[in-house]
Amino acid sequence: MIDPCWQATGWYLLVLIPLVVCMKLLSLWLNWPGGRRDLLSFFFAPSLCFSSWHNRRQVCRKDFFVLAAKSFFFCLLLGFIFFFELRIPPDLPPWLQGYLAVIPFWLMLEMVQALLQVLWMPAGRLVPPVNVHPIFSASVSEFWGRRWNRLFGDWLYEICFKPFFRAPVMGLLLAFVISGLLHELLVSLPYLVVYGKSLFGLMLVYFVIQFLAILIERKWLAASPVAGRIYCWLVVLGPAPMVLNSGTLRIFQMVGSC
């Protein structure tokens, strides 16, 4: 019998693949490229919107050493975790599991970023990073707008925020609501199918909190960089178990037993 965690991972991929195709097609519909070569390269690229794919740059010698070191470190770390089964204990409270998963989840995204960049290096281009040093974020808007998960972030900016440039608050709300719904589809649906339990609503509420936090930040914290930085991490990490919930942890194999 297939382990339930791996079943959840399989359902996640079954939802993810057609979803990525649809997101790419929507981006292409809004920004149709000039040539067929660009179209094909984008369709097989690790980017969801065409404007993001254009941000790739020429590979330099330094990139080889940096990516080799990153790949070695992350492969070593992953092997160490799985060999010694250093995953989150399943009997802990869900909120504690979520907090314990923050650093492993960040490291996992960094590993995915290194892997994607290594795979596309033979083409002579360095694909845009997934994360851009999120630890240096000075505000909630900077964290979500410029530093965290640019694969989704750039697509949300192009599809949701840009069309509402005359009504930026509406565009911002739409971006966070769509982000929440996409996460619900990717995580809550597979969890419901495999475990028969509903987590629907947690991720959507998390992203609505982020939207409200940005409005508060812009109104009262714009003049205080130190307070803005503290506020950023309280807002992003405080409700983190809502997004790093039981579904996320099991889909990404972060708990010791399912």
# chains A, B, ... in the order shown; residues from 1 in each chain; ligands from 1
>>> closest_atom_pairs(of="stretch 9-102 of chain A", to="stretch 149-162 of chain A", cutoff="6 Å", atoms="only C-alpha atoms", output="Markdown table")
| residue | atom | partner | partner_atom | distance |
| --- | --- | --- | --- | --- |
| A:Ser47 | CA | A:Leu151 | CA | 5.7 |
| A:Leu48 | CA | A:Trp155 | CA | 5.9 |
| A:Cys49 | CA | A:Trp155 | CA | 5.2 |
>>> write_last_selection(atoms="N, CA and C atoms", output="PDB file, in the first residue's frame")
ATOM      1  N   SER A  47       9.343  29.291 -15.283  1.00  0.00           N
ATOM      2  CA  SER A  47       8.737  30.596 -15.014  1.00  0.00           C
ATOM      3  C   SER A  47       7.271  30.517 -15.407  1.00  0.00           C
ATOM      4  N   LEU A  48       6.446  31.266 -14.707  1.00  0.00           N
ATOM      5  CA  LEU A  48       5.009  31.217 -14.963  1.00  0.00           C
ATOM      6  C   LEU A  48       4.515  32.360 -15.820  1.00  0.00           C
ATOM      7  N   CYS A  49       5.294  33.446 -15.904  1.00  0.00           N
ATOM      8  CA  CYS A  49       4.882  34.562 -16.756  1.00  0.00           C
ATOM      9  C   CYS A  49       6.036  34.949 -17.670  1.00  0.00           C
TER      10      CYS A  49
END
>>> residues_around(residues="A:Val66", least_positions_apart="4", cutoff="12 Å", atoms="only C-alpha atoms", output="list in words")
Val59, Cys60, Arg61, Lys62, Lys70, Ser71, Phe72, Phe73, Ala114, Gln117, Val118 and Leu126 of chain A
>>> closest_residue(among="A:Leu192, A:Leu13, A:Ala240, A:Leu119", to="A:Leu100", atoms="only C-alpha atoms")
A:Ala240
>>> closest_residue(among="A:Gly124, A:Pro90, A:Gly247, A:Gly171", to="A:Val187", atoms="only C-alpha atoms")
A:Gly247
>>> residues_around(residues="A:Trp6", least_positions_apart="4", cutoff="8 Å", atoms="only C-alpha atoms", output="list in words")
Ile2, Gly10, Ile251 and Gln253 of chain A
>>> residues_around(residues="A:Leu19", least_positions_apart="5", cutoff="9 Å", atoms="only C-alpha atoms", output="ChimeraX atom specification")
/A:14,24,182,186
>>> write_last_selection(atoms="N, CA and C atoms", output="short mmCIF file (atom, residue, chain, number, x, y, z; two decimals), in the first residue's frame")
data_model
loop_
_atom_site.label_atom_id
_atom_site.label_comp_id
_atom_site.auth_asym_id
_atom_site.auth_seq_id
_atom_site.Cartn_x
_atom_site.Cartn_y
_atom_site.Cartn_z
N LEU A 14 -0.50 16.10 -9.44
CA LEU A 14 -1.59 16.00 -10.40
C LEU A 14 -2.36 17.32 -10.54
N LYS A 24 0.57 29.52 -17.36
CA LYS A 24 1.44 29.93 -18.47
C LYS A 24 0.62 30.40 -19.67
N LEU A 182 -5.16 29.49 -4.88
CA LEU A 182 -4.25 28.56 -5.53
C LEU A 182 -3.61 27.62 -4.51
N LEU A 186 -3.88 23.54 -4.25
CA LEU A 186 -2.69 22.70 -4.28
C LEU A 186 -2.52 21.85 -3.03
#
>>> atom_distance(atom1="atom CA of A:Pro104", atom2="atom CA of A:Arg57")
28.5 Å
>>> residues_around(residues="A:Phe200", least_positions_apart="5", cutoff="8 Å", atoms="only C-alpha atoms", output="short mmCIF file (atom, residue, chain, number, x, y, z; two decimals) with C-alpha atoms, in the first residue's frame")
data_model
loop_
_atom_site.label_atom_id
_atom_site.label_comp_id
_atom_site.auth_asym_id
_atom_site.auth_seq_id
_atom_site.Cartn_x
_atom_site.Cartn_y
_atom_site.Cartn_z
CA GLU A 184 -6.00 25.86 -1.20
CA SER A 188 -6.20 21.49 0.89
CA LEU A 189 -7.71 19.50 -2.00
#
>>> atom_distance(atom1="atom CA of A:Ala213", atom2="atom CA of A:Ser179")
15.6 Å
>>> closest_residue(among="A:Gly196, A:Cys75, A:Gly256, A:Asn245", to="A:Val102", atoms="only C-alpha atoms")
A:Asn245
>>> select_by_dssp(residues="stretch 27-193 of chain A", states="strand (DSSP E or B)", output="MDAnalysis selection string")
chainID A and resid 57:58 88 125:126
>>> write_last_selection(atoms="C-alpha atoms", output="PDB file, in the first residue's frame")
ATOM      1  CA  ARG A  57      20.829  36.524 -17.665  1.00  0.00           C
ATOM      2  CA  GLN A  58      24.035  35.193 -19.196  1.00  0.00           C
ATOM      3  CA  ILE A  88       9.130  16.710  12.422  1.00  0.00           C
ATOM      4  CA  ARG A 125      21.329  31.381 -19.261  1.00  0.00           C
ATOM      5  CA  LEU A 126      20.785  31.684 -15.532  1.00  0.00           C
TER       6      LEU A 126
END
>>> residues_around(residues="A:Gln113", least_positions_apart="3", cutoff="7 Å", atoms="only C-alpha atoms", output="list in words")
Leu109, Glu110, Leu116, Gln117, Pro129 and Val130 of chain A
>>> write_last_selection(atoms="C-alpha atoms", output="PDB file, in the first residue's frame")
ATOM      1  CA  LEU A 109      12.744  26.256  -1.760  1.00  0.00           C
ATOM      2  CA  GLU A 110      16.414  27.241  -1.899  1.00  0.00           C
ATOM      3  CA  LEU A 116      16.344  24.709 -11.532  1.00  0.00           C
ATOM      4  CA  GLN A 117      19.305  26.969 -12.187  1.00  0.00           C
ATOM      5  CA  PRO A 129      15.791  32.923  -8.692  1.00  0.00           C
ATOM      6  CA  VAL A 130      12.790  31.622  -6.794  1.00  0.00           C
TER       7      VAL A 130
END
>>> select_by_dssp(residues="stretch 68-238 of chain A", states="alpha helix (DSSP H)", output="PyMOL selection string")
chain A and resi 68-83+94-100+102-119+140-142+150-156+168-183+189-195+202-220+225-237
>>> atom_distance(atom1="atom CA of A:Ile214", atom2="atom CA of A:Arg166")
17.9 Å
